[in-house]
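Report on the structure given below.
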Amino acid sequence: MSTSPDPAAVGRARADEFLRLLEAGDPAADELLAGLTGVRELVFLGAGLTGVARALGRQLPPAQRAQASTRQLRLGQLRDANRDDPEGLRTWLRRSGEEVLFLRSLRAAVDRVVS
(Lines give C-alpha, C1' and ligand atoms only; values in the text may rest on other atoms or scores of the structure.)
Protein backbone atom coordinates (compact mmCIF):
# COMPACT_ATOMS: atom_id res chain seq x y z
CA MET A 1 0.00 0.00 0.00
CA SER A 2 1.47 3.33 -1.01
CA THR A 3 0.90 6.36 1.12
CA SER A 4 0.25 9.66 -0.57
CA PRO A 5 2.20 12.58 0.85
CA ASP A 6 0.51 14.81 3.39
CA PRO A 7 -0.82 17.78 1.36
CA ALA A 8 -0.16 20.20 4.24
CA ALA A 9 3.47 19.06 4.50
CA VAL A 10 3.90 19.38 0.74
CA GLY A 11 2.36 22.86 0.92
CA ARG A 12 4.78 23.91 3.68
CA ALA A 13 7.74 22.60 1.70
CA ARG A 14 6.57 24.45 -1.41
CA ALA A 15 6.08 27.60 0.68
CA ASP A 16 9.66 27.36 1.95
CA GLU A 17 10.96 26.88 -1.60
CA PHE A 18 8.81 29.73 -2.93
CA LEU A 19 10.07 32.09 -0.21
CA ARG A 20 13.68 31.12 -0.89
CA LEU A 21 13.25 31.85 -4.60
CA LEU A 22 11.29 35.05 -3.99
CA GLU A 23 13.87 36.37 -1.55
CA ALA A 24 16.64 35.70 -4.09
CA GLY A 25 14.67 37.51 -6.80
CA ASP A 26 14.74 34.31 -8.82
CA PRO A 27 12.22 34.17 -11.69
CA ALA A 28 11.75 30.51 -10.76
CA ALA A 29 9.41 31.77 -8.00
CA ASP A 30 6.86 32.70 -10.66
CA GLU A 31 7.59 29.47 -12.51
CA LEU A 32 6.85 27.51 -9.34
CA LEU A 33 3.46 29.23 -9.07
CA ALA A 34 2.73 28.74 -12.76
CA GLY A 35 3.51 25.03 -12.43
CA LEU A 36 0.77 24.59 -9.85
CA THR A 37 -2.45 24.30 -11.79
CA GLY A 38 -4.86 22.90 -9.22
CA VAL A 39 -6.68 25.11 -6.74
CA ARG A 40 -5.92 22.56 -4.00
CA GLU A 41 -2.14 22.78 -4.61
CA LEU A 42 -2.26 26.57 -4.59
CA VAL A 43 -4.31 26.70 -1.40
CA PHE A 44 -1.98 24.34 0.48
CA LEU A 45 1.03 26.45 -0.55
CA GLY A 46 -0.88 29.49 0.71
CA ALA A 47 -1.60 27.79 4.01
CA GLY A 48 2.14 27.25 4.41
CA LEU A 49 2.81 30.93 3.71
CA THR A 50 0.06 31.99 6.10
CA GLY A 51 1.55 29.89 8.88
CA VAL A 52 4.96 31.51 8.39
CA ALA A 53 3.44 35.00 8.28
CA ARG A 54 1.39 34.50 11.42
CA ALA A 55 4.38 33.10 13.34
CA LEU A 56 6.51 36.08 12.28
CA GLY A 57 3.72 38.52 13.13
CA ARG A 58 3.49 37.16 16.67
CA GLN A 59 7.17 38.07 17.19
CA LEU A 60 6.61 41.77 16.45
CA PRO A 61 5.91 44.58 18.91
CA PRO A 62 2.18 45.21 19.54
CA ALA A 63 1.60 48.01 17.01
CA GLN A 64 3.41 46.18 14.21
CA ARG A 65 1.67 42.94 15.20
CA ALA A 66 -1.73 44.63 14.82
CA GLN A 67 -0.76 45.98 11.41
CA ALA A 68 0.46 42.55 10.31
CA SER A 69 -2.82 41.01 11.48
CA THR A 70 -4.78 43.54 9.42
CA ARG A 71 -2.69 42.74 6.34
CA GLN A 72 -3.37 39.02 6.92
CA LEU A 73 -7.11 39.73 6.98
CA ARG A 74 -6.84 41.58 3.67
CA LEU A 75 -4.87 38.73 2.16
CA GLY A 76 -7.60 36.38 3.35
CA GLN A 77 -10.18 38.51 1.57
CA LEU A 78 -8.10 38.38 -1.62
CA ARG A 79 -7.89 34.58 -1.31
CA ASP A 80 -11.63 34.26 -0.72
CA ALA A 81 -12.45 36.51 -3.70
CA ASN A 82 -10.36 34.23 -5.94
CA ARG A 83 -11.15 30.83 -4.42
CA ASP A 84 -12.01 29.24 -7.78
CA ASP A 85 -9.56 31.18 -9.95
CA PRO A 86 -6.02 29.76 -10.12
CA GLU A 87 -4.61 32.99 -11.59
CA GLY A 88 -6.19 35.05 -8.82
CA LEU A 89 -4.82 32.60 -6.25
CA ARG A 90 -1.34 33.05 -7.75
CA THR A 91 -1.71 36.81 -7.16
CA TRP A 92 -2.68 36.05 -3.55
CA LEU A 93 0.35 33.77 -3.16
CA ARG A 94 2.73 36.35 -4.61
CA ARG A 95 1.41 39.01 -2.22
CA SER A 96 1.51 36.56 0.68
CA GLY A 97 5.14 35.76 -0.09
CA GLU A 98 5.99 39.45 -0.27
CA GLU A 99 4.26 39.92 3.09
CA VAL A 100 6.46 37.22 4.65
CA LEU A 101 9.59 38.91 3.30
CA PHE A 102 8.35 42.24 4.68
CA LEU A 103 7.68 40.68 8.09
CA ARG A 104 11.17 39.18 8.09
CA SER A 105 12.64 42.62 7.42
CA LEU A 106 10.53 44.15 10.22
CA ARG A 107 11.68 41.42 12.58
CA ALA A 108 15.32 42.06 11.64
CA ALA A 109 14.85 45.80 12.25
CA VAL A 110 13.34 45.11 15.68
CA ASP A 111 16.25 42.82 16.50
CA ARG A 112 18.76 45.54 15.52
CA VAL A 113 17.04 48.11 17.74
CA VAL A 114 16.81 45.74 20.71
CA SER A 115 20.45 44.59 20.49
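Chain lettering (A, B, ...) mirrors the order of the C-alpha coordinates, residue numbering begins at 1 for each chain separately, and ligand numbering begins at 1 in order of display.
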
Check your understanding: Could you pull the residues within 10 Å of A:Gln64, counting only C-alpha atoms, minus those fewer than 6 positions along the same chain, as a count of residues only?
Key -> 6

Review point. Excluding same-chain residues fewer than 5 positions from stretch 33-37 of chain A, what lies within 8 Å of it counting only C-alpha atoms, as a list in words?
Key: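 Near stretch 33-37 of chain A, the qualifying residues are Leu42, Pro86 and Arg90 of chain A.
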
Save out the residues we just selected, N, CA, C and O atoms, as an mmCIF file, in the first residue's frame.
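Writing done, so here's out36.cif:
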```
data_model
loop_
_atom_site.group_PDB
_atom_site.id
_atom_site.type_symbol
_atom_site.label_atom_id
_atom_site.label_comp_id
_atom_site.auth_asym_id
_atom_site.auth_seq_id
_atom_site.Cartn_x
_atom_site.Cartn_y
_atom_site.Cartn_z
ATOM 1 N N LEU A 42 -2.493 25.146 -4.865
ATOM 2 C CA LEU A 42 -2.261 26.567 -4.591
ATOM 3 C C LEU A 42 -2.677 26.919 -3.163
ATOM 4 O O LEU A 42 -1.960 27.644 -2.459
ATOM 5 N N PRO A 86 -7.449 30.008 -10.359
ATOM 6 C CA PRO A 86 -6.022 29.759 -10.124
ATOM 7 C C PRO A 86 -5.140 30.995 -10.344
ATOM 8 O O PRO A 86 -4.210 31.227 -9.571
ATOM 9 N N ARG A 90 -2.786 32.783 -7.580
ATOM 10 C CA ARG A 90 -1.345 33.052 -7.750
ATOM 11 C C ARG A 90 -1.016 34.482 -7.319
ATOM 12 O O ARG A 90 0.036 34.725 -6.717
#
```

Exercise for review: Go through A:Glu17, A:Leu60, A:Arg65, A:Gln77 one by one, measure the shortest atom-to-atom distance of each to A:Asp30 using only C-alpha atoms, and give the residue with the smallest value.
Suggested key: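 Once distances to A:Asp30 are computed over only C-alpha atoms, the minimum belongs to A:Glu17.
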
Based on DSSP run over this structure's backbone, return all residues of chain A in helix (DSSP H, G or I), as a short mmCIF file (atom, residue, chain, number, x, y, z; two decimals) with N, CA, C and O atoms, in the first residue's frame.
```cif
data_model
loop_
_atom_site.label_atom_id
_atom_site.label_comp_id
_atom_site.auth_asym_id
_atom_site.auth_seq_id
_atom_site.Cartn_x
_atom_site.Cartn_y
_atom_site.Cartn_z
N PRO A 7 -0.73 16.55 2.15
CA PRO A 7 -0.82 17.78 1.36
C PRO A 7 -0.36 19.02 2.14
O PRO A 7 0.23 19.94 1.56
N ALA A 8 -0.60 19.05 3.44
CA ALA A 8 -0.16 20.20 4.24
C ALA A 8 1.36 20.25 4.30
O ALA A 8 1.96 21.33 4.19
N ALA A 9 2.00 19.10 4.46
CA ALA A 9 3.47 19.06 4.50
C ALA A 9 4.05 19.47 3.15
O ALA A 9 5.04 20.20 3.09
N VAL A 10 3.44 18.99 2.08
CA VAL A 10 3.90 19.38 0.74
C VAL A 10 3.73 20.88 0.55
O VAL A 10 4.60 21.56 0.01
N GLY A 11 2.60 21.42 1.02
CA GLY A 11 2.36 22.86 0.92
C GLY A 11 3.39 23.67 1.68
O GLY A 11 3.88 24.69 1.20
N ARG A 12 3.75 23.20 2.89
CA ARG A 12 4.78 23.91 3.68
C ARG A 12 6.13 23.87 2.98
O ARG A 12 6.85 24.86 2.94
N ALA A 13 6.47 22.72 2.41
CA ALA A 13 7.74 22.60 1.70
C ALA A 13 7.76 23.51 0.47
O ALA A 13 8.77 24.18 0.20
N ARG A 14 6.65 23.55 -0.25
CA ARG A 14 6.57 24.45 -1.41
C ARG A 14 6.65 25.91 -0.97
O ARG A 14 7.26 26.73 -1.64
N ALA A 15 6.03 26.23 0.16
CA ALA A 15 6.08 27.60 0.68
C ALA A 15 7.52 27.98 1.00
O ALA A 15 7.97 29.08 0.65
N ASP A 16 8.25 27.08 1.63
CA ASP A 16 9.66 27.36 1.95
C ASP A 16 10.47 27.58 0.67
O ASP A 16 11.28 28.51 0.60
N GLU A 17 10.24 26.74 -0.32
CA GLU A 17 10.96 26.88 -1.60
C GLU A 17 10.56 28.18 -2.29
O GLU A 17 11.42 28.91 -2.79
N PHE A 18 9.28 28.50 -2.31
CA PHE A 18 8.81 29.73 -2.93
C PHE A 18 9.44 30.95 -2.26
O PHE A 18 9.92 31.87 -2.94
N LEU A 19 9.48 30.96 -0.94
CA LEU A 19 10.07 32.09 -0.21
C LEU A 19 11.56 32.22 -0.49
O LEU A 19 12.07 33.33 -0.65
N ARG A 20 12.24 31.08 -0.57
CA ARG A 20 13.68 31.12 -0.89
C ARG A 20 13.90 31.75 -2.27
O ARG A 20 14.75 32.61 -2.44
N LEU A 21 13.11 31.32 -3.24
CA LEU A 21 13.25 31.85 -4.60
C LEU A 21 12.85 33.32 -4.67
O LEU A 21 13.52 34.13 -5.32
N LEU A 22 11.76 33.67 -3.98
CA LEU A 22 11.29 35.05 -3.99
C LEU A 22 12.31 35.98 -3.35
O LEU A 22 12.59 37.06 -3.88
N GLU A 23 12.88 35.56 -2.25
CA GLU A 23 13.87 36.37 -1.55
C GLU A 23 15.11 36.60 -2.42
O GLU A 23 15.71 37.67 -2.39
N ALA A 28 12.32 31.84 -10.99
CA ALA A 28 11.75 30.51 -10.76
C ALA A 28 10.62 30.56 -9.73
O ALA A 28 9.80 29.64 -9.69
N ALA A 29 10.53 31.63 -8.94
CA ALA A 29 9.41 31.77 -8.00
C ALA A 29 8.10 31.82 -8.77
O ALA A 29 7.13 31.14 -8.43
N ASP A 30 8.07 32.62 -9.84
CA ASP A 30 6.86 32.70 -10.66
C ASP A 30 6.63 31.40 -11.42
O ASP A 30 5.48 30.98 -11.62
N GLU A 31 7.71 30.75 -11.82
CA GLU A 31 7.59 29.47 -12.51
C GLU A 31 7.00 28.41 -11.58
O GLU A 31 6.20 27.57 -12.01
N LEU A 32 7.40 28.45 -10.31
CA LEU A 32 6.85 27.51 -9.34
C LEU A 32 5.34 27.70 -9.24
O LEU A 32 4.58 26.73 -9.29
N LEU A 33 4.89 28.96 -9.15
CA LEU A 33 3.46 29.23 -9.07
C LEU A 33 2.74 28.80 -10.34
O LEU A 33 1.66 28.21 -10.28
N ALA A 34 3.35 29.09 -11.48
CA ALA A 34 2.73 28.74 -12.76
C ALA A 34 2.61 27.22 -12.92
O ALA A 34 1.69 26.74 -13.58
N GLY A 35 3.53 26.48 -12.32
CA GLY A 35 3.51 25.03 -12.43
C GLY A 35 2.43 24.36 -11.59
O GLY A 35 2.13 23.19 -11.77
N VAL A 39 -6.33 24.21 -7.84
CA VAL A 39 -6.68 25.11 -6.74
C VAL A 39 -6.18 24.52 -5.42
O VAL A 39 -5.65 25.23 -4.57
N ARG A 40 -6.33 23.22 -5.25
CA ARG A 40 -5.92 22.56 -4.00
C ARG A 40 -4.42 22.76 -3.74
O ARG A 40 -4.02 23.09 -2.63
N GLU A 41 -3.59 22.58 -4.77
CA GLU A 41 -2.14 22.78 -4.61
C GLU A 41 -1.83 24.22 -4.22
O GLU A 41 -0.99 24.47 -3.35
N LEU A 42 -2.49 25.15 -4.87
CA LEU A 42 -2.26 26.57 -4.59
C LEU A 42 -2.68 26.92 -3.16
O LEU A 42 -1.96 27.64 -2.46
N VAL A 43 -3.81 26.39 -2.73
CA VAL A 43 -4.31 26.70 -1.40
C VAL A 43 -3.40 26.12 -0.32
O VAL A 43 -3.14 26.77 0.70
N PHE A 44 -2.89 24.91 -0.52
CA PHE A 44 -1.98 24.34 0.48
C PHE A 44 -0.67 25.11 0.55
O PHE A 44 -0.10 25.29 1.63
N LEU A 45 -0.16 25.59 -0.57
CA LEU A 45 1.03 26.45 -0.55
C LEU A 45 0.72 27.72 0.23
O LEU A 45 1.51 28.16 1.07
N GLY A 46 -0.47 28.28 -0.01
CA GLY A 46 -0.88 29.49 0.71
C GLY A 46 -1.02 29.27 2.20
O GLY A 46 -0.67 30.14 3.00
N ALA A 47 -1.50 28.10 2.58
CA ALA A 47 -1.60 27.79 4.01
C ALA A 47 -0.21 27.77 4.64
O ALA A 47 -0.03 28.24 5.77
N GLY A 48 0.76 27.23 3.90
CA GLY A 48 2.14 27.25 4.41
C GLY A 48 2.66 28.66 4.59
O GLY A 48 3.29 28.99 5.60
N LEU A 49 2.38 29.53 3.61
CA LEU A 49 2.81 30.93 3.71
C LEU A 49 2.11 31.65 4.86
O LEU A 49 2.73 32.43 5.59
N THR A 50 0.82 31.36 5.03
CA THR A 50 0.06 31.99 6.10
C THR A 50 0.62 31.60 7.47
O THR A 50 0.74 32.44 8.36
N GLY A 51 0.97 30.34 7.61
CA GLY A 51 1.55 29.89 8.88
C GLY A 51 2.85 30.62 9.21
O GLY A 51 3.07 31.05 10.34
N VAL A 52 3.70 30.79 8.20
CA VAL A 52 4.96 31.51 8.39
C VAL A 52 4.67 32.96 8.76
O VAL A 52 5.26 33.51 9.70
N ALA A 53 3.75 33.59 8.03
CA ALA A 53 3.44 35.00 8.28
C ALA A 53 2.88 35.22 9.68
O ALA A 53 3.25 36.16 10.37
N ARG A 54 1.99 34.34 10.08
CA ARG A 54 1.39 34.50 11.42
C ARG A 54 2.43 34.29 12.52
O ARG A 54 2.43 35.00 13.52
N ALA A 55 3.32 33.33 12.34
CA ALA A 55 4.38 33.10 13.34
C ALA A 55 5.30 34.32 13.42
O ALA A 55 5.67 34.76 14.52
N LEU A 56 5.66 34.89 12.28
CA LEU A 56 6.51 36.08 12.28
C LEU A 56 5.78 37.27 12.91
O LEU A 56 6.37 38.04 13.67
N GLY A 57 4.51 37.41 12.59
CA GLY A 57 3.72 38.52 13.13
C GLY A 57 3.65 38.49 14.65
O GLY A 57 3.68 39.53 15.30
N ARG A 58 3.56 37.29 15.21
CA ARG A 58 3.49 37.16 16.67
C ARG A 58 4.79 37.60 17.35
O ARG A 58 4.80 37.87 18.55
N PRO A 62 3.64 45.15 19.67
CA PRO A 62 2.18 45.21 19.54
C PRO A 62 1.64 46.01 18.35
O PRO A 62 0.75 45.53 17.66
N ALA A 63 2.13 47.19 18.11
CA ALA A 63 1.60 48.01 17.01
C ALA A 63 1.87 47.34 15.66
O ALA A 63 0.98 47.25 14.80
N GLN A 64 3.07 46.85 15.47
CA GLN A 64 3.41 46.18 14.21
C GLN A 64 2.65 44.86 14.08
O GLN A 64 2.27 44.46 12.98
N ARG A 65 2.43 44.19 15.20
CA ARG A 65 1.67 42.94 15.20
C ARG A 65 0.24 43.21 14.74
O ARG A 65 -0.32 42.46 13.93
N ALA A 66 -0.36 44.29 15.23
CA ALA A 66 -1.73 44.63 14.82
C ALA A 66 -1.79 44.95 13.33
O ALA A 66 -2.73 44.54 12.64
N GLN A 67 -0.79 45.66 12.84
CA GLN A 67 -0.76 45.98 11.41
C GLN A 67 -0.60 44.71 10.57
O GLN A 67 -1.25 44.55 9.54
N ALA A 68 0.26 43.82 11.03
CA ALA A 68 0.46 42.55 10.31
C ALA A 68 -0.83 41.73 10.29
O ALA A 68 -1.18 41.12 9.28
N SER A 69 -1.55 41.74 11.40
CA SER A 69 -2.82 41.01 11.48
C SER A 69 -3.83 41.59 10.49
O SER A 69 -4.55 40.84 9.81
N THR A 70 -3.87 42.90 10.38
CA THR A 70 -4.78 43.54 9.42
C THR A 70 -4.41 43.16 7.99
O THR A 70 -5.29 42.85 7.18
N ARG A 71 -3.12 43.14 7.70
CA ARG A 71 -2.69 42.74 6.34
C ARG A 71 -3.06 41.29 6.07
O ARG A 71 -3.46 40.94 4.96
N GLN A 72 -2.97 40.42 7.10
CA GLN A 72 -3.37 39.02 6.92
C GLN A 72 -4.87 38.91 6.62
O GLN A 72 -5.28 38.09 5.79
N LEU A 73 -5.67 39.74 7.27
CA LEU A 73 -7.11 39.73 6.98
C LEU A 73 -7.38 40.14 5.54
O LEU A 73 -8.21 39.53 4.85
N ARG A 74 -6.66 41.15 5.06
CA ARG A 74 -6.84 41.58 3.67
C ARG A 74 -6.39 40.51 2.69
O ARG A 74 -7.02 40.30 1.65
N LEU A 75 -5.31 39.83 3.02
CA LEU A 75 -4.87 38.73 2.16
C LEU A 75 -5.91 37.61 2.15
O LEU A 75 -6.15 37.00 1.11
N GLY A 76 -6.53 37.37 3.28
CA GLY A 76 -7.60 36.38 3.35
C GLY A 76 -8.78 36.76 2.47
O GLY A 76 -9.39 35.91 1.83
N GLN A 77 -9.09 38.04 2.43
CA GLN A 77 -10.18 38.51 1.57
C GLN A 77 -9.82 38.32 0.10
O GLN A 77 -10.67 37.92 -0.71
N LEU A 78 -8.55 38.58 -0.24
CA LEU A 78 -8.10 38.38 -1.62
C LEU A 78 -8.20 36.89 -1.99
O LEU A 78 -8.68 36.54 -3.07
N ARG A 79 -7.78 36.03 -1.08
CA ARG A 79 -7.89 34.58 -1.31
C ARG A 79 -9.35 34.18 -1.52
O ARG A 79 -9.68 33.48 -2.48
N ASP A 80 -10.22 34.65 -0.63
CA ASP A 80 -11.63 34.26 -0.72
C ASP A 80 -12.27 34.76 -2.02
O ASP A 80 -13.10 34.08 -2.60
N ALA A 81 -11.88 35.95 -2.46
CA ALA A 81 -12.45 36.51 -3.70
C ALA A 81 -12.01 35.71 -4.93
O ALA A 81 -12.67 35.78 -5.96
N PRO A 86 -7.45 30.01 -10.36
CA PRO A 86 -6.02 29.76 -10.12
C PRO A 86 -5.14 30.99 -10.34
O PRO A 86 -4.21 31.23 -9.57
N GLU A 87 -5.44 31.80 -11.35
CA GLU A 87 -4.61 32.99 -11.59
C GLU A 87 -4.75 33.99 -10.45
O GLU A 87 -3.78 34.60 -10.00
N GLY A 88 -5.98 34.17 -9.96
CA GLY A 88 -6.19 35.05 -8.82
C GLY A 88 -5.51 34.52 -7.56
O GLY A 88 -4.98 35.29 -6.76
N LEU A 89 -5.52 33.19 -7.40
CA LEU A 89 -4.82 32.60 -6.25
C LEU A 89 -3.31 32.80 -6.37
O LEU A 89 -2.63 32.99 -5.36
N ARG A 90 -2.79 32.78 -7.58
CA ARG A 90 -1.34 33.05 -7.75
C ARG A 90 -1.02 34.48 -7.32
O ARG A 90 0.04 34.72 -6.72
N THR A 91 -1.91 35.43 -7.62
CA THR A 91 -1.71 36.81 -7.16
C THR A 91 -1.70 36.84 -5.64
O THR A 91 -0.84 37.50 -5.03
N TRP A 92 -2.63 36.13 -5.02
CA TRP A 92 -2.68 36.05 -3.55
C TRP A 92 -1.38 35.46 -3.00
O TRP A 92 -0.83 35.96 -2.01
N LEU A 93 -0.88 34.41 -3.62
CA LEU A 93 0.35 33.77 -3.16
C LEU A 93 1.54 34.70 -3.30
O LEU A 93 2.39 34.76 -2.40
N ARG A 94 1.62 35.40 -4.41
CA ARG A 94 2.73 36.35 -4.61
C ARG A 94 2.70 37.41 -3.52
O ARG A 94 3.72 37.71 -2.90
N ARG A 95 1.53 37.97 -3.26
CA ARG A 95 1.41 39.01 -2.22
C ARG A 95 1.68 38.43 -0.83
O ARG A 95 2.28 39.10 0.01
N SER A 96 1.25 37.21 -0.61
CA SER A 96 1.51 36.56 0.68
C SER A 96 3.00 36.34 0.88
O SER A 96 3.53 36.55 1.98
N GLY A 97 3.69 35.93 -0.17
CA GLY A 97 5.14 35.76 -0.09
C GLY A 97 5.84 37.08 0.17
O GLY A 97 6.77 37.15 1.00
N GLU A 98 5.39 38.13 -0.50
CA GLU A 98 5.99 39.45 -0.27
C GLU A 98 5.73 39.92 1.15
O GLU A 98 6.59 40.56 1.77
N GLU A 99 4.57 39.57 1.71
CA GLU A 99 4.26 39.92 3.09
C GLU A 99 5.23 39.20 4.04
O GLU A 99 5.73 39.80 5.00
N VAL A 100 5.52 37.95 3.80
CA VAL A 100 6.46 37.22 4.65
C VAL A 100 7.84 37.89 4.60
O VAL A 100 8.48 38.09 5.64
N LEU A 101 8.28 38.25 3.41
CA LEU A 101 9.59 38.91 3.30
C LEU A 101 9.58 40.24 4.04
O LEU A 101 10.56 40.60 4.71
N PHE A 102 8.48 40.97 3.96
CA PHE A 102 8.35 42.24 4.68
C PHE A 102 8.39 42.00 6.19
O PHE A 102 9.09 42.71 6.93
N LEU A 103 7.68 40.99 6.66
CA LEU A 103 7.68 40.68 8.09
C LEU A 103 9.08 40.27 8.56
O LEU A 103 9.49 40.63 9.67
N ARG A 104 9.79 39.55 7.73
CA ARG A 104 11.17 39.18 8.09
C ARG A 104 12.03 40.42 8.24
O ARG A 104 12.86 40.52 9.16
N SER A 105 11.85 41.39 7.34
CA SER A 105 12.64 42.62 7.42
C SER A 105 12.26 43.44 8.66
O SER A 105 13.12 44.03 9.30
N LEU A 106 10.96 43.46 8.99
CA LEU A 106 10.53 44.15 10.22
C LEU A 106 11.15 43.48 11.44
O LEU A 106 11.62 44.16 12.36
N ARG A 107 11.12 42.17 11.45
CA ARG A 107 11.68 41.42 12.58
C ARG A 107 13.19 41.70 12.72
O ARG A 107 13.69 41.90 13.82
N ALA A 108 13.89 41.76 11.60
CA ALA A 108 15.32 42.06 11.64
C ALA A 108 15.57 43.48 12.16
O ALA A 108 16.50 43.71 12.94
N ALA A 109 14.71 44.42 11.77
CA ALA A 109 14.85 45.80 12.25
C ALA A 109 14.61 45.87 13.76
O ALA A 109 15.34 46.56 14.48
N VAL A 110 13.62 45.15 14.24
CA VAL A 110 13.34 45.11 15.68
C VAL A 110 14.54 44.51 16.42
O VAL A 110 14.96 45.04 17.45
N ASP A 111 15.10 43.45 15.87
CA ASP A 111 16.25 42.82 16.50
C ASP A 111 17.44 43.78 16.57
O ASP A 111 18.17 43.79 17.57
N ARG A 112 17.64 44.58 15.52
CA ARG A 112 18.76 45.54 15.52
C ARG A 112 18.57 46.62 16.58
O ARG A 112 19.51 47.03 17.25
N VAL A 113 17.33 47.06 16.76
CA VAL A 113 17.04 48.11 17.74
C VAL A 113 17.20 47.58 19.16
O VAL A 113 17.73 48.25 20.04
N VAL A 114 16.77 46.34 19.37
CA VAL A 114 16.81 45.74 20.71
C VAL A 114 18.25 45.40 21.11
O VAL A 114 18.62 45.50 22.26
#
```
